[in-house]
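entry.cif, holding mmCIF, C-alpha atoms and all ligand atoms:
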```
data_target
#
loop_
_atom_site.label_atom_id
_atom_site.label_comp_id
_atom_site.auth_asym_id
_atom_site.auth_seq_id
_atom_site.Cartn_x
_atom_site.Cartn_y
_atom_site.Cartn_z
CA MET S 242 141.33 112.07 80.02
CA GLN S 243 139.07 114.46 78.10
CA GLY S 244 137.47 117.59 79.56
CA LYS S 245 133.95 116.32 80.04
CA LYS S 246 135.17 113.16 81.76
CA LEU S 247 137.45 115.19 84.04
CA HIS S 248 134.55 117.44 84.90
CA ASN S 249 132.35 114.48 85.79
CA LEU S 250 135.14 112.90 87.78
CA SER S 251 135.65 116.02 89.85
CA ARG S 252 131.91 116.14 90.58
CA LEU S 253 132.09 112.52 91.73
CA ARG S 254 135.09 113.28 93.93
CA GLN S 255 133.14 116.12 95.56
CA ALA S 256 130.18 113.83 96.06
CA LEU S 257 132.44 111.23 97.66
CA ARG S 258 133.90 113.81 100.07
CA ARG S 259 130.42 114.97 101.07
CA LEU S 260 129.37 111.37 101.67
CA LEU S 261 132.43 110.75 103.84
CA GLN S 262 131.65 113.83 105.94
CA ASP S 263 128.07 112.69 106.22
CA LEU S 264 129.26 109.21 107.23
CA GLU S 265 131.50 110.64 109.93
CA ARG S 266 128.66 112.80 111.30
CA SER S 267 126.27 109.87 111.23
CA LEU S 268 128.69 107.67 113.14
CA GLU S 269 129.20 110.13 116.01
CA VAL S 270 126.53 108.37 118.07
CA ALA S 271 128.39 105.07 117.63
CA PHE S 272 131.32 106.41 119.64
CA GLY S 273 129.16 106.91 122.73
CA ARG S 274 129.34 104.64 125.74
CA SER S 275 125.96 105.20 127.35
CA SER S 276 123.38 102.45 127.72
CA LEU S 277 120.64 102.04 125.12
CA VAL S 278 117.16 100.82 125.88
CA LYS S 279 115.10 99.51 123.00
CA GLY S 280 111.57 100.87 122.78
CA ASN S 281 109.33 103.92 122.88
CA VAL S 282 108.14 105.61 126.04
CA TYR S 283 104.56 106.78 125.97
CA GLU S 284 101.57 107.38 128.20
CA MET S 285 98.93 104.71 128.41
CA ALA S 286 95.38 105.48 129.55
CA ARG S 287 93.27 102.52 130.62
CA LYS S 288 90.38 101.23 132.68
CA CYS S 289 91.21 98.88 135.53
CA GLY S 290 88.01 96.84 135.51
CA LYS S 291 86.79 97.61 139.04
CA PRO S 292 83.07 98.37 138.78
CA ASN S 293 82.92 101.58 140.88
CA CYS S 294 86.31 103.08 140.03
CA VAL S 295 86.63 106.68 138.71
CA CYS S 296 87.89 105.19 135.46
CA THR S 297 84.37 103.97 134.63
CA ARG S 298 83.32 107.66 134.60
CA GLY S 299 86.05 108.84 132.29
CA GLY S 300 88.93 109.33 134.75
CA LEU S 301 91.23 106.85 133.06
CA HIS S 302 94.34 105.56 134.84
CA ARG S 303 97.39 107.06 133.23
CA SER S 304 100.80 105.51 133.39
CA LYS S 305 104.03 105.63 131.42
CA VAL S 306 105.08 102.51 129.60
CA LEU S 307 108.01 101.38 127.53
CA SER S 308 106.99 99.43 124.46
CA TRP S 309 109.23 97.43 122.17
CA SER S 310 108.91 94.56 119.78
CA GLU S 311 110.60 91.23 120.37
CA GLY S 312 110.25 88.24 118.10
CA GLY S 313 107.33 89.91 116.32
CA LYS S 314 105.47 90.60 119.56
CA THR S 315 104.91 93.94 121.26
CA ARG S 316 106.24 93.95 124.81
CA LEU S 317 105.22 96.47 127.46
CA PHE S 318 107.04 97.52 130.58
CA SER S 319 105.26 99.71 133.10
CA ILE S 320 107.70 102.42 134.15
CA PRO S 321 108.04 103.24 137.84
CA PRO S 322 107.93 107.07 138.19
CA GLU S 323 111.46 107.25 139.58
CA ARG S 324 112.84 105.59 136.42
CA LEU S 325 110.96 107.71 133.89
CA GLY S 326 113.75 110.20 133.16
CA GLU S 327 116.41 107.52 132.93
CA LEU S 328 114.44 105.25 130.59
CA GLN S 329 113.29 108.16 128.43
CA GLY S 330 116.91 109.21 127.94
CA LYS S 331 118.13 105.69 127.16
CA SER S 332 115.30 105.00 124.76
CA GLU S 333 115.94 108.29 122.92
CA GLU S 334 119.60 107.34 122.64
CA TYR S 335 118.59 103.95 121.25
CA LEU S 336 116.41 105.64 118.60
CA ARG S 337 119.28 107.98 117.69
CA PHE S 338 121.55 104.96 117.34
CA ARG S 339 119.10 103.11 115.09
CA ARG S 340 118.50 106.19 112.92
CA ALA S 341 122.26 106.56 112.51
CA ARG S 342 122.57 102.91 111.55
CA ALA S 343 119.89 103.32 108.87
CA ARG S 344 121.64 106.43 107.53
CA VAL S 345 125.00 104.60 107.45
CA THR S 346 123.44 101.84 105.32
CA GLU S 347 122.14 104.49 102.90
CA ILE S 348 125.46 106.35 102.71
CA CYS S 349 127.40 103.13 102.06
CA ARG S 350 125.07 102.33 99.18
CA GLU S 351 125.60 105.84 97.77
CA ILE S 352 129.38 105.52 98.14
CA LEU S 353 129.35 102.26 96.16
CA ALA S 354 127.30 103.93 93.42
CA VAL S 355 129.84 106.77 93.22
CA LEU S 356 132.72 104.27 93.10
CA ASP S 357 131.07 102.41 90.22
CA GLN S 358 130.68 105.65 88.26
CA MET S 359 134.28 106.62 88.98
CA GLU S 360 135.45 103.25 87.79
CA SER S 361 133.59 103.50 84.51
CA LEU S 362 134.93 107.04 83.93
CA ARG S 363 138.53 106.11 84.67
CA ARG S 364 138.64 102.76 83.00
CA GLU S 365 140.35 102.38 79.65
CA GLU S 366 141.24 99.54 77.34
CA PRO S 367 144.85 98.29 77.48
ZN ZN Y 401 89.97 102.13 137.62
#
```
Please rewrite the model in this file as structure tokens.
Ligand SMILES: [Zn+2]
Amino acid sequence: MQGKKLHNLSRLRQALRRLLQDLERSLEVAFGRSSLVKGNVYEMARKCGKPNCVCTRGGLHRSKVLSWSEGGKTRLFSIPPERLGELQGKSEEYLRFRRARARVTEICREILAVLDQMESLRREEP
């Protein structure tokens, strides 16, 4: 194999090693055992509809909700105060998991691209 090809091949090998390290880091969250809850936790401010309530004068009712999409629809779950910490934690873990999954898809695509380049560098006619 000629010098330029060898040089390119060693760059590809380095790239492949970096991708494998990245893949391992990205998969760390997959080795966890904790529960995941799909959705985002946020604060909702609303009016209740009672004519003389403080909310008609700007004092909106504030509550924490979990929101997620299911079959194309947005679902809402009103979070009881005593479950706020728990659900926040589980929903953050879910988001971490999904981000990792997206990154794994990307890395696998990059690995295949590197493999294709390696193949074309190393291939020769019989
Ligand atoms: Zn009200």
For this session: Considering only C-alpha atoms and all ligand atoms, state which residue in the set S:Leu353, S:Cys289, S:Leu268, S:Leu307 is at the smallest distance from ligand ZN 401 (chain Y).
Result: S:Cys289
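Nearest-residue note for Thr315 in chain S: choosing from S:Arg298, S:Arg258, S:His248, S:Lys279, the minimum distance belongs to S:Lys279, counting only C-alpha atoms.
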List every residue of chain S that has an atom at most 10 Å from any atom of ligand ZN 401 (chain Y), and for each one report the closest atom pair and its distance in Å to one decimal, counting only C-alpha atoms and all ligand atoms, with rows sorted by chain and then by increasing residue number, as a Markdown table.
```
| residue | atom | partner | partner_atom | distance |
| --- | --- | --- | --- | --- |
| S:Arg287 | CA | Y:ZN401 | ZN | 7.7 |
| S:Lys288 | CA | Y:ZN401 | ZN | 5.0 |
| S:Cys289 | CA | Y:ZN401 | ZN | 4.1 |
| S:Gly290 | CA | Y:ZN401 | ZN | 6.0 |
| S:Lys291 | CA | Y:ZN401 | ZN | 5.7 |
| S:Pro292 | CA | Y:ZN401 | ZN | 7.9 |
| S:Asn293 | CA | Y:ZN401 | ZN | 7.8 |
| S:Cys294 | CA | Y:ZN401 | ZN | 4.5 |
| S:Val295 | CA | Y:ZN401 | ZN | 5.7 |
| S:Cys296 | CA | Y:ZN401 | ZN | 4.3 |
| S:Thr297 | CA | Y:ZN401 | ZN | 6.6 |
| S:Arg298 | CA | Y:ZN401 | ZN | 9.2 |
| S:Gly299 | CA | Y:ZN401 | ZN | 9.4 |
| S:Gly300 | CA | Y:ZN401 | ZN | 7.8 |
| S:Leu301 | CA | Y:ZN401 | ZN | 6.7 |
| S:His302 | CA | Y:ZN401 | ZN | 6.2 |
| S:Arg303 | CA | Y:ZN401 | ZN | 9.9 |
```
Using all atoms listed in the file, which residues of range 250-317 of chain S come within 8 Å of range 326-348 of chain S, and what is the closest atom pair for each, with the distance in Å to one decimal? Give it as JSON lines, sorted by chain and residue number.
```
{"residue": "S:Leu260", "atom": "CA", "partner": "S:Ile348", "partner_atom": "CA", "distance": 6.4}
{"residue": "S:Asp263", "atom": "CA", "partner": "S:Ile348", "partner_atom": "CA", "distance": 7.7}
{"residue": "S:Leu264", "atom": "CA", "partner": "S:Val345", "partner_atom": "CA", "distance": 6.3}
{"residue": "S:Ser267", "atom": "CA", "partner": "S:Ala341", "partner_atom": "CA", "distance": 5.4}
{"residue": "S:Leu268", "atom": "CA", "partner": "S:Ala341", "partner_atom": "CA", "distance": 6.6}
{"residue": "S:Val270", "atom": "CA", "partner": "S:Phe338", "partner_atom": "CA", "distance": 6.1}
{"residue": "S:Ala271", "atom": "CA", "partner": "S:Phe338", "partner_atom": "CA", "distance": 6.8}
{"residue": "S:Ser275", "atom": "CA", "partner": "S:Lys331", "partner_atom": "CA", "distance": 7.8}
{"residue": "S:Ser276", "atom": "CA", "partner": "S:Lys331", "partner_atom": "CA", "distance": 6.2}
{"residue": "S:Leu277", "atom": "CA", "partner": "S:Tyr335", "partner_atom": "CA", "distance": 4.8}
{"residue": "S:Val278", "atom": "CA", "partner": "S:Ser332", "partner_atom": "CA", "distance": 4.7}
{"residue": "S:Lys279", "atom": "CA", "partner": "S:Ser332", "partner_atom": "CA", "distance": 5.8}
{"residue": "S:Gly280", "atom": "CA", "partner": "S:Ser332", "partner_atom": "CA", "distance": 5.9}
{"residue": "S:Asn281", "atom": "CA", "partner": "S:Ser332", "partner_atom": "CA", "distance": 6.4}
{"residue": "S:Val282", "atom": "CA", "partner": "S:Gln329", "partner_atom": "CA", "distance": 6.2}
```
Exercise. Can you tell me how far CA of Asp357 in chain S sits from CA of Gln262 in chain S, in Å to one decimal?
Worked result: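 Computed distance, CA of Asp357 in chain S to CA of Gln262 in chain S, equals 19.4 Å.
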For this session: Point out the residue among S:Arg259, S:Leu362, S:Leu250, S:Leu317 with the least atom-to-atom distance to Tyr283 in chain S, counting all atoms listed in the file.
Result: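 The answer is S:Leu317, which sits nearest to Tyr283 in chain S.
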Exercise. Counting all atoms listed in the file, which of S:Arg274, S:Lys246, S:Lys305, S:Arg350 gets nearest to Pro322 in chain S?
Worked result: S:Lys305
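Closest approach to Ala256 in chain S among S:Glu366, S:Ser361, S:Gly313, S:Glu351: S:Glu351, based on only C-alpha atoms.
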For this session: Quick one: pull the distance between CA of Ile352 in chain S and CA of Leu257 in chain S, Å, one decimal.
Result: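 Separation of CA of Ile352 in chain S and CA of Leu257 in chain S: 6.5 Å.
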For this session: Provide the CA of Val306 in chain S to CA of Glu284 in chain S distance in Å, to one decimal place.
Result: 6.2 Å
